[in-house]
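Novice: The following file, my_file.txt, comprises compact mmCIF, C-alpha atoms:
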```
# COMPACT_ATOMS: atom_id res chain seq x y z
CA MET A 1 -21.95 -9.61 -17.02
CA PRO A 2 -19.82 -9.88 -13.86
CA ILE A 3 -18.25 -13.28 -13.31
CA ALA A 4 -19.11 -15.06 -10.07
CA LEU A 5 -16.27 -15.22 -7.59
CA SER A 6 -16.20 -18.99 -7.64
CA THR A 7 -15.73 -18.90 -11.40
CA ALA A 8 -13.11 -16.17 -11.15
CA ARG A 9 -11.06 -18.29 -8.78
CA SER A 10 -11.14 -21.44 -10.86
CA ALA A 11 -11.13 -20.15 -14.44
CA PRO A 12 -8.82 -17.30 -15.53
CA VAL A 13 -10.55 -14.42 -17.28
CA SER A 14 -9.30 -13.71 -20.78
CA ALA A 15 -7.74 -10.40 -21.74
CA ALA A 16 -10.50 -10.05 -24.33
CA ALA A 17 -13.11 -10.18 -21.56
CA TYR A 18 -11.33 -7.40 -19.70
CA LYS A 19 -11.15 -5.38 -22.91
CA ARG A 20 -14.87 -5.86 -23.68
CA TYR A 21 -15.79 -4.74 -20.18
CA PHE A 22 -13.58 -1.64 -20.37
CA PHE A 23 -14.92 -0.33 -23.61
CA SER A 24 -18.56 -1.25 -22.96
CA GLN A 25 -18.33 0.85 -19.78
CA LEU A 26 -16.76 3.74 -21.68
CA SER A 27 -19.56 3.66 -24.22
CA ASP A 28 -22.08 3.96 -21.37
CA GLY A 29 -20.77 7.44 -20.63
CA ILE A 30 -18.78 6.61 -17.49
CA PRO A 31 -15.87 9.08 -17.11
CA GLU A 32 -12.48 7.89 -18.30
CA PRO A 33 -10.38 6.52 -15.39
CA VAL A 34 -7.40 8.62 -14.45
CA THR A 35 -5.26 6.25 -12.35
CA LEU A 36 -4.28 2.60 -12.45
CA ALA A 37 -6.34 2.03 -9.29
CA ASP A 38 -9.34 3.49 -11.16
CA TYR A 39 -8.83 0.99 -13.97
CA LEU A 40 -8.69 -1.94 -11.56
CA GLY A 41 -11.73 -0.56 -9.77
CA ARG A 42 -13.59 -0.60 -13.08
CA ILE A 43 -12.86 -4.31 -13.63
CA GLN A 44 -13.30 -5.27 -9.98
CA ALA A 45 -16.19 -7.59 -10.87
CA TYR A 46 -13.69 -9.72 -12.84
CA GLY A 47 -11.41 -10.27 -9.85
CA ALA A 48 -11.58 -12.68 -6.94
CA ARG A 49 -12.42 -11.07 -3.60
CA HIS A 50 -10.46 -12.36 -0.61
CA HIS A 51 -10.64 -11.69 3.13
CA PHE A 52 -7.71 -11.98 5.55
CA LEU A 53 -7.69 -11.77 9.32
CA ARG A 54 -5.29 -9.63 11.33
CA ASN A 55 -1.66 -10.88 10.97
CA GLU A 56 -2.66 -13.47 8.37
CA PRO A 57 -0.22 -13.84 5.43
CA ILE A 58 -1.54 -12.77 2.02
CA PHE A 59 1.43 -14.01 0.00
CA ASN A 60 5.03 -14.91 0.77
CA GLN A 61 8.37 -13.65 -0.47
CA ASP A 62 9.48 -15.61 -3.59
CA ASP A 63 5.92 -16.71 -4.45
CA PRO A 64 5.14 -16.46 -8.19
CA ALA A 65 4.22 -12.91 -9.23
CA ASP A 66 1.10 -14.02 -11.09
CA GLN A 67 -1.52 -11.82 -9.40
CA VAL A 68 -2.07 -8.11 -8.90
CA TYR A 69 -4.12 -6.84 -5.99
CA ARG A 70 -6.28 -3.86 -5.11
CA ILE A 71 -6.91 -3.30 -1.40
CA ILE A 72 -10.57 -2.61 -0.61
CA SER A 73 -10.35 -2.22 3.17
CA GLY A 74 -7.77 -2.63 5.92
CA THR A 75 -4.01 -2.14 6.08
CA VAL A 76 -1.29 -4.40 4.63
CA ARG A 77 2.42 -4.49 5.43
CA LEU A 78 5.00 -5.53 2.83
CA CYS A 79 7.88 -7.30 4.59
CA ARG A 80 11.25 -8.87 3.93
CA TYR A 81 12.68 -11.39 6.39
CA MET A 82 16.30 -12.23 7.10
CA PRO A 83 17.27 -15.90 7.62
CA ASP A 84 17.69 -15.19 11.34
CA GLY A 85 14.12 -13.88 11.59
CA ARG A 86 14.83 -10.16 11.49
CA ARG A 87 12.13 -8.21 9.66
CA TYR A 88 12.15 -5.09 7.53
CA ILE A 89 8.80 -3.55 6.57
CA VAL A 90 9.10 -2.10 3.08
CA ASP A 91 5.83 -0.16 3.24
CA PHE A 92 2.27 -0.07 4.52
CA LEU A 93 -0.57 -0.25 1.99
CA LEU A 94 -3.98 1.33 2.55
CA PRO A 95 -7.44 1.03 0.90
CA GLY A 96 -7.16 1.82 -2.81
CA ASP A 97 -3.47 0.91 -2.97
CA LEU A 98 -2.14 -1.69 -5.40
CA MET A 99 0.47 -4.42 -5.05
CA GLY A 100 1.92 -7.12 -7.24
CA PHE A 101 3.23 -4.95 -10.10
CA VAL A 102 6.83 -6.18 -10.18
CA GLU A 103 9.09 -6.85 -13.15
CA SER A 104 10.17 -10.20 -11.74
CA PRO A 105 8.83 -13.75 -11.92
CA ASP A 106 8.86 -13.92 -8.12
CA LEU A 107 7.58 -11.55 -5.45
CA PRO A 108 10.38 -9.66 -3.66
CA ALA A 109 8.48 -9.31 -0.36
CA SER A 110 5.79 -10.92 1.74
CA ALA A 111 2.41 -9.28 2.37
CA GLU A 112 0.62 -9.58 5.71
CA ALA A 113 -2.64 -8.19 7.03
CA VAL A 114 -2.06 -5.58 9.73
CA THR A 115 -5.81 -5.41 10.36
CA ASP A 116 -8.63 -7.45 8.85
CA VAL A 117 -8.20 -6.94 5.10
CA THR A 118 -10.43 -7.29 2.05
CA LEU A 119 -8.80 -7.17 -1.39
CA VAL A 120 -9.47 -8.14 -4.98
CA ALA A 121 -6.95 -10.25 -6.90
CA PHE A 122 -6.60 -10.14 -10.68
CA PRO A 123 -4.62 -12.53 -12.92
CA ARG A 124 -1.43 -10.67 -13.87
CA VAL A 125 -1.30 -12.19 -17.34
CA CYS A 126 -4.69 -10.77 -18.26
CA PHE A 127 -3.77 -7.29 -17.08
CA ASP A 128 -0.44 -7.45 -18.94
CA ARG A 129 -2.24 -8.34 -22.17
CA LEU A 130 -4.68 -5.50 -21.67
CA ALA A 131 -1.79 -3.09 -21.11
CA GLN A 132 -0.22 -4.19 -24.39
CA GLU A 133 -3.40 -3.23 -26.25
CA ASN A 134 -4.35 -0.05 -24.35
CA ALA A 135 -1.91 2.88 -24.42
CA GLU A 136 -3.64 4.65 -21.52
CA VAL A 137 -3.30 1.58 -19.29
CA ARG A 138 0.42 1.45 -20.17
CA THR A 139 0.76 5.13 -19.28
CA GLN A 140 -0.94 4.65 -15.93
CA LEU A 141 1.18 1.57 -15.20
CA LEU A 142 4.34 3.60 -15.88
CA ARG A 143 3.09 6.36 -13.58
CA HIS A 144 2.35 3.82 -10.86
CA LEU A 145 5.83 2.30 -11.11
CA SER A 146 7.42 5.78 -11.17
CA CYS A 147 5.54 6.79 -8.02
CA SER A 148 6.65 3.57 -6.34
CA LEU A 149 10.27 4.34 -7.26
CA LEU A 150 10.02 7.90 -5.91
CA THR A 151 8.51 6.59 -2.68
CA ALA A 152 11.35 4.09 -2.30
CA GLN A 153 13.94 6.82 -2.94
CA GLN A 154 12.35 9.09 -0.35
CA HIS A 155 12.35 6.28 2.20
CA LEU A 156 16.04 5.62 1.51
CA PHE A 157 16.67 9.30 2.31
CA VAL A 158 14.74 8.94 5.58
CA LEU A 159 16.71 5.84 6.59
CA GLY A 160 20.06 7.16 5.43
CA CYS A 161 20.00 10.79 6.53
CA GLN A 162 17.49 11.34 9.30
CA LYS A 163 17.71 10.80 13.03
CA SER A 164 15.05 8.94 14.99
CA ARG A 165 12.85 11.97 15.74
CA GLU A 166 12.99 13.12 12.11
CA ARG A 167 12.16 9.62 10.84
CA VAL A 168 9.07 9.37 13.04
CA ALA A 169 7.95 12.89 12.04
CA SER A 170 8.41 12.02 8.35
CA PHE A 171 6.42 8.81 8.83
CA LEU A 172 3.51 10.61 10.50
CA LEU A 173 3.46 13.31 7.81
CA ARG A 174 3.44 10.79 4.98
CA LEU A 175 0.69 8.76 6.64
CA ALA A 176 -1.34 11.93 7.23
CA ASP A 177 -0.96 12.86 3.57
CA ARG A 178 -2.07 9.41 2.40
CA MET A 179 -5.09 9.43 4.73
CA GLY A 180 -6.06 13.01 3.91
CA ALA A 181 -5.54 14.17 7.50
CA SER A 182 -4.71 17.80 8.28
CA CYS A 183 -3.80 19.88 11.33
CA GLY A 184 -6.10 19.12 14.26
CA ASP A 185 -7.28 15.80 12.79
CA ARG A 186 -7.06 12.47 14.55
CA LEU A 187 -4.73 10.12 12.67
CA ASP A 188 -5.41 6.40 12.94
CA LEU A 189 -2.34 4.18 13.38
CA PRO A 190 -3.47 0.65 12.53
CA MET A 191 0.10 -0.62 12.74
CA SER A 192 1.86 -1.38 16.03
CA ARG A 193 4.88 0.45 17.44
CA GLN A 194 6.95 -2.61 16.48
CA ASP A 195 5.69 -2.33 12.89
CA ILE A 196 6.72 1.33 12.77
CA ALA A 197 10.12 0.45 14.22
CA ASP A 198 10.70 -2.27 11.62
CA HIS A 199 9.76 0.21 8.88
CA LEU A 200 12.01 3.02 10.12
CA GLY A 201 15.01 0.93 11.14
CA LEU A 202 14.59 1.76 14.84
CA THR A 203 13.88 -0.16 18.02
CA ILE A 204 10.40 -0.26 19.48
CA GLU A 205 11.71 1.56 22.56
CA THR A 206 13.06 4.38 20.39
CA VAL A 207 9.77 4.73 18.51
CA SER A 208 7.72 4.82 21.72
CA ARG A 209 10.11 7.30 23.34
CA THR A 210 10.15 9.51 20.24
CA ILE A 211 6.37 9.66 19.94
CA THR A 212 6.17 10.56 23.62
CA GLY A 213 8.78 13.25 22.97
CA LEU A 214 6.70 14.69 20.13
CA ARG A 215 3.80 14.94 22.55
CA GLY A 216 6.08 16.83 24.92
CA THR A 217 6.84 19.43 22.24
CA GLY A 218 3.11 19.94 21.60
CA ALA A 219 3.32 18.65 18.03
CA VAL A 220 0.91 15.77 18.73
CA LEU A 221 -1.56 14.45 21.26
CA ILE A 222 -1.88 10.73 22.00
CA PRO A 223 -5.45 9.68 22.92
CA ASN A 224 -4.49 6.00 22.75
CA THR A 225 -1.97 3.57 21.23
CA HIS A 226 -3.58 3.55 17.79
CA GLN A 227 -4.45 7.23 17.38
CA ILE A 228 -2.50 10.48 17.24
CA VAL A 229 -3.92 13.99 17.02
CA LEU A 230 -1.90 16.17 14.64
CA ARG A 231 -1.78 19.26 16.80
CA ASP A 232 1.04 21.17 15.04
CA MET A 233 1.76 20.09 11.47
CA ALA A 234 4.25 22.93 10.98
CA ALA A 235 6.35 21.61 13.86
CA LEU A 236 6.29 18.11 12.37
CA ARG A 237 7.37 19.45 8.98
CA SER A 238 10.19 21.39 10.61
CA LEU A 239 11.38 18.25 12.34
CA ALA A 240 11.13 16.14 9.18
CA ALA A 241 13.21 18.67 7.23
CA GLU A 242 16.12 18.39 9.65
CA ALA A 243 18.82 15.96 8.58
```
Would you write out, as structure tokens, the structure that this file holds?

Specialist:
Amino acid sequence: MPIALSTARSAPVSAAAYKRYFFSQLSDGIPEPVTLADYLGRIQAYGARHHFLRNEPIFNQDDPADQVYRIISGTVRLCRYMPDGRRYIVDFLLPGDLMGFVESPDLPASAEAVTDVTLVAFPRVCFDRLAQENAEVRTQLLRHLSCSLLTAQQHLFVLGCQKSRERVASFLLRLADRMGASCGDRLDLPMSRQDIADHLGLTIETVSRTITGLRGTGAVLIPNTHQIVLRDMAALRSLAAEA
């Protein structure tokens, strides 16, 4: 039986409860999950649902890493701040994405709501115990961490080798891939130009000028500040491949 949210917030759920729910669902003929997000989706009733308003902090850098999160709706930015206030955005997370899986007692980055966000939080200790007992969960956790590492390596390449136009093209292509957008589709940009600049290591002026330049080449159309029409994906890919 699903645990009420008030109970889930005040009383941690045991690993045994997670395990019972997993295998009772499997016995009911529900298809075996294939990703870590699928597993967390299956035990969503055991998590605590939270809502955050635009620009509201979700957690702060150096907070205890005692929760894992699955985003239900909205966009989240993971940030690191310098003592002088400078900000670097590590990544943007979208519905279905996970955060909080770090091999550290403390969180290495802050999380903030770019838009209004709904997510489900799970006690990390319960998930860790479940992973110890379930080989498939361990496999999916390893795949998740491997994908995160590959994403970080690719972003290092973008920051280290690409010029401003190539960085922006790479960003739009990756976002289009994550949102399932193809040539001719309208791509939503929930983040601001400043957010994009802080993610790509550029100034806001450079990002705005570069996006306008992409429109001039015919690669994109710009209906408004938060939408871009992917008019020529091949041109974007050509730009992103230049280093």

Novice: Env of Phe101 (chain A): 9 Å cut, atoms = all atoms listed in the file, seq-sep filter 6 positions within chain, self excluded. Answer as a list in words.

Specialist: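 That gives Ala65, Gln67, Val68, Tyr69, Arg124, Leu141, His144 and Leu145 of chain A.
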
Novice: Could you take the residues named above and write them with C-alpha atoms, as a CSV table (one decimal), in the coordinates of the input?

Specialist:
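Okay, part-v5.csv is ready:
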```csv
chain,number,residue,atom,x,y,z
A,65,ALA,CA,4.2,-12.9,-9.2
A,67,GLN,CA,-1.5,-11.8,-9.4
A,68,VAL,CA,-2.1,-8.1,-8.9
A,69,TYR,CA,-4.1,-6.8,-6.0
A,124,ARG,CA,-1.4,-10.7,-13.9
A,141,LEU,CA,1.2,1.6,-15.2
A,144,HIS,CA,2.4,3.8,-10.9
A,145,LEU,CA,5.8,2.3,-11.1
```

Novice: Counting only C-alpha atoms, what is within 9 Å of region 74-77 of chain A, bar same-chain residues fewer than 2 positions away, as a ChimeraX atom specification?

Specialist: /A:58,71-72,79,89-95,110-119,190-191,195

Novice: Smallest atom-to-atom distance to Ile211 (chain A): which of A:Asp198, A:Val102, A:Ala152, A:Leu230, using all atoms listed in the file?

Specialist: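 Using all atoms listed in the file, the shortest distance to Ile211 (chain A) belongs to A:Leu230.
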
Novice: Please identify all polymer residues within 7 Å of region 214-221 of chain A, counting only C-alpha atoms, omitting same-chain residues fewer than 4 positions from it, and present them as a ChimeraX atom specification.

Specialist: /A:210,228-233,235-236

Novice: Smallest atom-to-atom distance to Ser170 (chain A): which of A:Ala241, A:Leu130, A:Ala135, A:Ala109, using only C-alpha atoms?

Specialist: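 Among the listed residues, A:Ala241 lies closest to Ser170 (chain A).
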
Novice: Please indicate the distance in Å from CA of Thr139 (chain A) to CA of Gln44 (chain A), rounded to one decimal place.

Specialist: 19.8 Å

Novice: Just how far from CA of Phe122 (chain A) is CA of Gln140 (chain A), in Å to one decimal?

Specialist: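 Between these atoms lies a distance of 16.7 Å.
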
Novice: Which of these residues is nearest to Asp106 (chain A), using only C-alpha atoms: A:Asp128, A:Tyr88, A:Arg80, A:Asp66?

Specialist: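 Counting only C-alpha atoms, the residue closest to Asp106 (chain A) is A:Asp66.
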
Novice: I'd like the interatomic distance between CA of Leu173 (chain A) and CA of Arg237 (chain A), to a tenth of an Å.

Specialist: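 So the answer is 7.4 Å.
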
Novice: Please determine the residues with any atom at most 7 Å from (9.2, -13.9, -8.4) (coordinates as given in the file, with all atoms listed in the file counting) and report them as a PDB file with C-alpha atoms, in the coordinates of the input.

Specialist:
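Result went into selection14.pdb, see below:
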```pdb
ATOM      1  CA  ASP A  62       9.480 -15.610  -3.590  1.00  0.00           C
ATOM      2  CA  ASP A  63       5.920 -16.710  -4.450  1.00  0.00           C
ATOM      3  CA  PRO A  64       5.140 -16.460  -8.190  1.00  0.00           C
ATOM      4  CA  ALA A  65       4.220 -12.910  -9.230  1.00  0.00           C
ATOM      5  CA  SER A 104      10.170 -10.200 -11.740  1.00  0.00           C
ATOM      6  CA  PRO A 105       8.830 -13.750 -11.920  1.00  0.00           C
ATOM      7  CA  ASP A 106       8.860 -13.920  -8.120  1.00  0.00           C
ATOM      8  CA  LEU A 107       7.580 -11.550  -5.450  1.00  0.00           C
ATOM      9  CA  PRO A 108      10.380  -9.660  -3.660  1.00  0.00           C
TER      10      PRO A 108
END
```

Novice: Looking at A:Arg70, A:His51, A:Arg165, A:Arg186, which one is nearest to Ile222 (chain A), with distances taken over all atoms listed in the file?

Specialist: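 Smallest distance to Ile222 (chain A) is found for A:Arg186.
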
Novice: Please report, as AutoDock Vina command-line options, the centre and edge lengths in Å to one decimal of an axis-aligned box covering all listed atoms of region 184-193 of chain A with 3 Å per side.

Specialist:
```
--center_x -1.2 --center_y 8.9 --center_z 15.0 --size_x 18.2 --size_y 26.5 --size_z 10.9
```

Novice: Could you tell me which of A:Gly96, A:Gly180, A:Pro57, A:Pro123 comes closest to Leu36 (chain A) if we count all atoms listed in the file?

Specialist: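 Going through A:Gly96, A:Gly180, A:Pro57, A:Pro123 one by one, the smallest distance to Leu36 (chain A) is for A:Gly96.
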